[in-house]
>>> print(open('work.pdb').read())   # PDB, C-alpha atoms
ATOM      1  CA  MET A  19       1.905  43.075 -40.850  1.00  0.00           C
ATOM      2  CA  ALA A  20       3.434  41.448 -37.794  1.00  0.00           C
ATOM      3  CA  HIS A  21       0.553  39.438 -36.446  1.00  0.00           C
ATOM      4  CA  LYS A  22       0.860  36.310 -34.355  1.00  0.00           C
ATOM      5  CA  LYS A  23      -1.437  33.506 -35.349  1.00  0.00           C
ATOM      6  CA  ALA A  24      -3.816  32.368 -32.606  1.00  0.00           C
ATOM      7  CA  GLY A  25      -2.775  29.209 -30.743  1.00  0.00           C
ATOM      8  CA  SER A  26      -5.010  26.204 -31.122  1.00  0.00           C
ATOM      9  CA  SER A  27      -6.505  24.068 -28.401  1.00  0.00           C
ATOM     10  CA  VAL A  28      -5.494  20.453 -27.804  1.00  0.00           C
ATOM     11  CA  LYS A  29      -7.599  17.473 -26.863  1.00  0.00           C
ATOM     12  CA  ASN A  30      -4.779  15.615 -25.097  1.00  0.00           C
ATOM     13  CA  GLY A  31      -3.488  18.216 -22.632  1.00  0.00           C
ATOM     14  CA  ARG A  32      -4.496  16.528 -19.355  1.00  0.00           C
ATOM     15  CA  ASP A  33      -2.894  14.191 -16.852  1.00  0.00           C
ATOM     16  CA  SER A  34      -4.111  12.640 -13.622  1.00  0.00           C
ATOM     17  CA  ALA A  35      -2.325  12.487 -10.303  1.00  0.00           C
ATOM     18  CA  GLY A  36      -0.559   9.272  -9.325  1.00  0.00           C
ATOM     19  CA  GLN A  37      -2.425   6.879  -7.028  1.00  0.00           C
ATOM     20  CA  ARG A  38       0.444   6.261  -4.558  1.00  0.00           C
ATOM     21  CA  LEU A  39       0.187   2.477  -4.733  1.00  0.00           C
ATOM     22  CA  GLY A  40       2.734   0.013  -3.407  1.00  0.00           C
ATOM     23  CA  VAL A  41       4.217  -1.378  -0.204  1.00  0.00           C
ATOM     24  CA  LYS A  42       3.982   1.083   2.694  1.00  0.00           C
ATOM     25  CA  SER A  43       5.561  -1.031   5.469  1.00  0.00           C
ATOM     26  CA  GLY A  44       8.573  -3.248   4.846  1.00  0.00           C
ATOM     27  CA  ASP A  45       9.424  -6.745   6.064  1.00  0.00           C
ATOM     28  CA  GLY A  46      10.185  -6.827   9.793  1.00  0.00           C
ATOM     29  CA  GLN A  47       8.813  -3.329  10.369  1.00  0.00           C
ATOM     30  CA  LEU A  48       6.738  -2.674  13.501  1.00  0.00           C
ATOM     31  CA  VAL A  49       3.136  -1.632  12.721  1.00  0.00           C
ATOM     32  CA  HIS A  50       0.105  -0.637  14.759  1.00  0.00           C
ATOM     33  CA  SER A  51      -3.370  -2.064  14.314  1.00  0.00           C
ATOM     34  CA  GLY A  52      -5.171  -0.316  11.452  1.00  0.00           C
ATOM     35  CA  SER A  53      -2.055   0.890   9.638  1.00  0.00           C
ATOM     36  CA  ILE A  54      -1.824   0.316   5.878  1.00  0.00           C
ATOM     37  CA  ILE A  55       0.781  -2.202   4.721  1.00  0.00           C
ATOM     38  CA  VAL A  56       0.127  -2.470   0.944  1.00  0.00           C
ATOM     39  CA  ARG A  57      -2.013  -0.422  -1.459  1.00  0.00           C
ATOM     40  CA  GLN A  58      -2.669  -2.324  -4.680  1.00  0.00           C
ATOM     41  CA  ARG A  59      -4.977  -2.912  -7.607  1.00  0.00           C
ATOM     42  CA  GLY A  60      -5.962  -6.574  -7.696  1.00  0.00           C
ATOM     43  CA  MET A  61      -4.564  -9.382  -5.559  1.00  0.00           C
ATOM     44  CA  THR A  62      -0.796  -9.291  -6.085  1.00  0.00           C
ATOM     45  CA  PHE A  63      -0.374  -9.471  -2.304  1.00  0.00           C
ATOM     46  CA  VAL A  64      -2.674 -11.822  -0.362  1.00  0.00           C
ATOM     47  CA  SER A  65      -3.902 -11.070   3.148  1.00  0.00           C
ATOM     48  CA  GLY A  66      -2.581 -13.500   5.794  1.00  0.00           C
ATOM     49  CA  GLU A  67      -3.025 -13.781   9.556  1.00  0.00           C
ATOM     50  CA  GLY A  68      -3.030 -10.511  11.469  1.00  0.00           C
ATOM     51  CA  THR A  69      -4.104  -8.549   8.386  1.00  0.00           C
ATOM     52  CA  GLY A  70      -7.339  -7.534   6.707  1.00  0.00           C
ATOM     53  CA  LEU A  71      -8.291  -6.849   3.095  1.00  0.00           C
ATOM     54  CA  GLY A  72     -10.064  -3.608   2.206  1.00  0.00           C
ATOM     55  CA  ARG A  73     -12.663  -3.047  -0.472  1.00  0.00           C
ATOM     56  CA  ASP A  74     -10.011  -1.631  -2.833  1.00  0.00           C
ATOM     57  CA  TYR A  75      -7.604  -4.540  -2.077  1.00  0.00           C
ATOM     58  CA  THR A  76      -5.661  -2.516   0.502  1.00  0.00           C
ATOM     59  CA  ILE A  77      -3.990  -4.759   3.076  1.00  0.00           C
ATOM     60  CA  PHE A  78      -3.961  -3.367   6.626  1.00  0.00           C
ATOM     61  CA  ALA A  79      -2.865  -4.626  10.044  1.00  0.00           C
ATOM     62  CA  THR A  80      -5.499  -5.909  12.477  1.00  0.00           C
ATOM     63  CA  VAL A  81      -3.033  -6.466  15.342  1.00  0.00           C
ATOM     64  CA  ASN A  82       0.093  -4.734  16.604  1.00  0.00           C
ATOM     65  CA  GLY A  83       3.266  -6.522  15.537  1.00  0.00           C
ATOM     66  CA  ARG A  84       5.910  -7.038  12.861  1.00  0.00           C
ATOM     67  CA  VAL A  85       5.212  -7.370   9.138  1.00  0.00           C
ATOM     68  CA  LYS A  86       6.293 -10.598   7.423  1.00  0.00           C
ATOM     69  CA  PHE A  87       6.261 -11.228   3.656  1.00  0.00           C
ATOM     70  CA  ASP A  88       6.418 -14.743   2.206  1.00  0.00           C
ATOM     71  CA  HIS A  89       5.324 -16.519  -0.973  1.00  0.00           C
ATOM     72  CA  LYS A  90       1.904 -18.144  -1.187  1.00  0.00           C
ATOM     73  CA  THR A  91       2.414 -19.323  -4.777  1.00  0.00           C
ATOM     74  CA  ARG A  92       5.013 -18.580  -7.420  1.00  0.00           C
ATOM     75  CA  ASP A  93       3.433 -15.233  -8.320  1.00  0.00           C
ATOM     76  CA  LYS A  94       1.395 -14.352  -5.201  1.00  0.00           C
ATOM     77  CA  LYS A  95       2.935 -12.952  -2.035  1.00  0.00           C
ATOM     78  CA  ARG A  96       1.372 -13.346   1.413  1.00  0.00           C
ATOM     79  CA  VAL A  97       1.508 -10.567   4.007  1.00  0.00           C
ATOM     80  CA  ARG A  98       1.249 -11.422   7.707  1.00  0.00           C
ATOM     81  CA  VAL A  99       1.552  -9.459  10.926  1.00  0.00           C
ATOM     82  CA  VAL A 100       3.144 -11.454  13.749  1.00  0.00           C
ATOM     83  CA  ALA A 101       1.778 -10.107  17.036  1.00  0.00           C
ATOM     84  CA  GLU A 102       4.245  -8.848  19.612  1.00  0.00           C
ATOM     85  CA  ALA A 103       3.843  -7.801  23.237  1.00  0.00           C
ATOM     86  CA  ALA A 104       1.854  -4.594  23.684  1.00  0.00           C
ATOM     87  CA  GLU A 105       4.539  -2.907  25.781  1.00  0.00           C
ATOM     88  CA  THR A 106       7.126  -3.320  22.978  1.00  0.00           C
ATOM     89  CA  VAL A 107       4.890  -1.462  20.492  1.00  0.00           C
ATOM     90  CA  ALA A 108       4.063   1.264  23.025  1.00  0.00           C
ATOM     91  CA  ALA A 109       7.750   1.774  23.849  1.00  0.00           C
ATOM     92  CA  GLU A 110       8.680   2.410  20.194  1.00  0.00           C
ATOM     93  CA  ALA A 111       5.798   4.825  19.538  1.00  0.00           C
TER      94      ALA A 111
END
>>> encode(input="work.pdb", output="structure tokens")
Amino acid sequence: MAHKKAGSSVKNGRDSAGQRLGVKSGDGQLVHSGSIIVRQRGMTFVSGEGTGLGRDYTIFATVNGRVKFDHKTRDKKRVRVVAEAAETVAAEA
């Protein structure tokens, strides 16, 4: 009697999609106002001048300019956007 035994179900056979966290714009990169710079969980990166902090700790640019990363403390990094002339940003777009 060549019968195949029925396969059993598993409780652990699921996985969720990745959340795509991390740095989206590097140091010295030109960004437009409203563009996302860092997506994070918690406050690893701190919002500096020229940036805003979203409800889910996303750091975004509030002005057009270049991204600058520096250290606030030993384990916290500050993200700033140094404003540049509007015609420079428009020329690169």
>>> atom_distance(input="work.pdb", atom1="CA of Ala103 in chain A", atom2="CA of Asp88 in chain A")
22.3 Å
>>> closest_residue(input="work.pdb", among="A:His50, A:Arg38, A:Lys95, A:Arg57", to="Asn82 in chain A", atoms="all atoms listed in the file")
A:His50
>>> closest_atom_pairs(input="work.pdb", of="range 30-53 of chain A", to="range 61-78 of chain A", cutoff="10 Å", atoms="only C-alpha atoms", output="tab-separated table")
residue	atom	partner	partner_atom	distance
A:Leu39	CA	A:Thr76	CA	9.3
A:Gly40	CA	A:Thr76	CA	9.6
A:Val41	CA	A:Ile77	CA	9.5
A:Lys42	CA	A:Ile77	CA	9.9
A:Ser43	CA	A:Phe78	CA	9.9
A:Val49	CA	A:Phe78	CA	9.5
A:His50	CA	A:Phe78	CA	9.5
A:Ser51	CA	A:Phe78	CA	7.8
A:Gly52	CA	A:Phe78	CA	5.8
A:Ser53	CA	A:Phe78	CA	5.6
>>> write_last_selection(input="work.pdb", atoms="C-alpha atoms", output="JSON list (two decimals), in the frame of the given file")
[["chain", "number", "residue", "atom", "x", "y", "z"],
["A", 39, "LEU", "CA", 0.19, 2.48, -4.73],
["A", 40, "GLY", "CA", 2.73, 0.01, -3.41],
["A", 41, "VAL", "CA", 4.22, -1.38, -0.20],
["A", 42, "LYS", "CA", 3.98, 1.08, 2.69],
["A", 43, "SER", "CA", 5.56, -1.03, 5.47],
["A", 49, "VAL", "CA", 3.14, -1.63, 12.72],
["A", 50, "HIS", "CA", 0.10, -0.64, 14.76],
["A", 51, "SER", "CA", -3.37, -2.06, 14.31],
["A", 52, "GLY", "CA", -5.17, -0.32, 11.45],
["A", 53, "SER", "CA", -2.06, 0.89, 9.64]]
>>> closest_residue(input="work.pdb", among="A:Glu102, A:Lys22, A:Ser27, A:Asp93", to="Gln47 in chain A", atoms="only C-alpha atoms")
A:Glu102
>>> axis_aligned_box(input="work.pdb", around="range 25-35 of chain A", padding_each_side="5 Å", output="AutoDock Vina command-line options")
--center_x -5.0 --center_y 20.8 --center_z -20.7 --size_x 15.3 --size_y 26.7 --size_z 30.8
>>> closest_residue(input="work.pdb", among="A:Gly25, A:Gly60, A:Gly36, A:Gly46", to="Gly83 in chain A", atoms="all atoms listed in the file")
A:Gly46
>>> atom_distance(input="work.pdb", atom1="CA of Ala35 in chain A", atom2="CA of Ile55 in chain A")
21.2 Å
>>> atom_distance(input="work.pdb", atom1="CA of Gly44 in chain A", atom2="CA of Arg92 in chain A")
20.0 Å
>>> decode(input="work.pdb", residues="chain A", atoms="C-alpha atoms", output="CSV table (one decimal), in the first residue's frame")
chain,number,residue,atom,x,y,z
A,19,MET,CA,0.0,0.0,0.0
A,20,ALA,CA,1.9,3.0,-1.3
A,21,HIS,CA,0.2,5.8,0.6
A,22,LYS,CA,1.8,9.2,1.4
A,23,LYS,CA,1.2,10.4,4.9
A,24,ALA,CA,-0.6,13.8,5.1
A,25,GLY,CA,1.7,16.7,5.8
A,26,SER,CA,1.1,18.5,9.0
A,27,SER,CA,0.6,22.2,9.6
A,28,VAL,CA,3.2,24.5,11.3
A,29,LYS,CA,2.7,27.3,13.8
A,30,ASN,CA,5.9,29.1,12.9
A,31,GLY,CA,5.7,29.4,9.1
A,32,ARG,CA,5.4,33.2,8.8
A,33,ASP,CA,7.7,36.1,8.3
A,34,SER,CA,7.1,39.9,8.0
A,35,ALA,CA,8.6,42.2,5.4
A,36,GLY,CA,11.6,44.4,6.4
A,37,GLN,CA,10.9,47.9,7.5
A,38,ARG,CA,13.5,49.6,5.3
A,39,LEU,CA,15.1,51.6,8.2
A,40,GLY,CA,18.4,53.4,8.1
A,41,VAL,CA,20.2,56.4,6.6
A,42,LYS,CA,18.6,57.5,3.3
A,43,SER,CA,20.8,60.5,2.5
A,44,GLY,CA,24.5,60.5,3.2
A,45,ASP,CA,26.8,63.2,4.6
A,46,GLY,CA,27.3,66.1,2.1
A,47,GLN,CA,24.4,65.0,-0.1
A,48,LEU,CA,22.1,67.7,-1.5
A,49,VAL,CA,18.5,67.3,-0.3
A,50,HIS,CA,15.2,69.1,-0.9
A,51,SER,CA,12.8,70.3,1.8
A,52,GLY,CA,10.6,67.4,3.0
A,53,SER,CA,12.9,64.6,1.9
A,54,ILE,CA,13.6,61.8,4.4
A,55,ILE,CA,17.2,61.6,5.7
A,56,VAL,CA,17.0,58.9,8.4
A,57,ARG,CA,14.3,56.3,9.2
A,58,GLN,CA,14.8,54.9,12.7
A,59,ARG,CA,13.2,53.3,15.8
A,60,GLY,CA,14.1,55.4,18.8
A,61,MET,CA,16.5,58.4,18.9
A,62,THR,CA,19.8,57.1,17.6
A,63,PHE,CA,20.0,60.1,15.4
A,64,VAL,CA,19.0,63.5,16.9
A,65,SER,CA,17.3,66.2,14.8
A,66,GLY,CA,19.4,69.4,14.4
A,67,GLU,CA,18.9,72.7,12.6
A,68,GLY,CA,17.3,72.5,9.2
A,69,THR,CA,15.6,69.1,10.1
A,70,GLY,CA,12.4,68.0,11.7
A,71,LEU,CA,11.5,64.9,13.7
A,72,GLY,CA,8.4,62.8,12.7
A,73,ARG,CA,6.1,60.9,14.9
A,74,ASP,CA,7.9,57.6,14.2
A,75,TYR,CA,11.3,59.3,14.8
A,76,THR,CA,11.9,59.8,11.1
A,77,ILE,CA,14.3,62.8,10.5
A,78,PHE,CA,13.4,64.9,7.4
A,79,ALA,CA,14.8,68.1,5.8
A,80,THR,CA,12.9,71.4,6.4
A,81,VAL,CA,15.1,73.4,4.1
A,82,ASN,CA,17.0,72.8,0.9
A,83,GLY,CA,20.7,72.2,1.4
A,84,ARG,CA,23.4,69.7,2.3
A,85,VAL,CA,23.2,67.0,5.0
A,86,LYS,CA,25.8,67.1,7.8
A,87,PHE,CA,26.3,64.4,10.4
A,88,ASP,CA,28.2,65.1,13.7
A,89,HIS,CA,28.2,63.7,17.2
A,90,LYS,CA,26.0,65.2,19.9
A,91,THR,CA,27.2,62.8,22.6
A,92,ARG,CA,29.4,59.7,22.5
A,93,ASP,CA,26.5,57.5,21.3
A,94,LYS,CA,24.0,60.0,19.8
A,95,LYS,CA,24.5,61.5,16.3
A,96,ARG,CA,23.1,64.8,15.2
A,97,VAL,CA,21.8,65.4,11.7
A,98,ARG,CA,21.7,68.9,10.3
A,99,VAL,CA,20.9,70.4,6.9
A,100,VAL,CA,23.0,73.4,6.0
A,101,ALA,CA,21.0,75.7,3.7
A,102,GLU,CA,22.4,76.5,0.3
A,103,ALA,CA,21.3,79.0,-2.4
A,104,ALA,CA,18.0,78.1,-4.1
A,105,GLU,CA,19.5,78.3,-7.6
A,106,THR,CA,22.1,75.6,-6.7
A,107,VAL,CA,19.4,73.1,-5.6
A,108,ALA,CA,17.3,73.9,-8.7
A,109,ALA,CA,20.2,73.4,-11.0
A,110,GLU,CA,21.0,69.9,-9.8
A,111,ALA,CA,17.4,68.7,-9.9
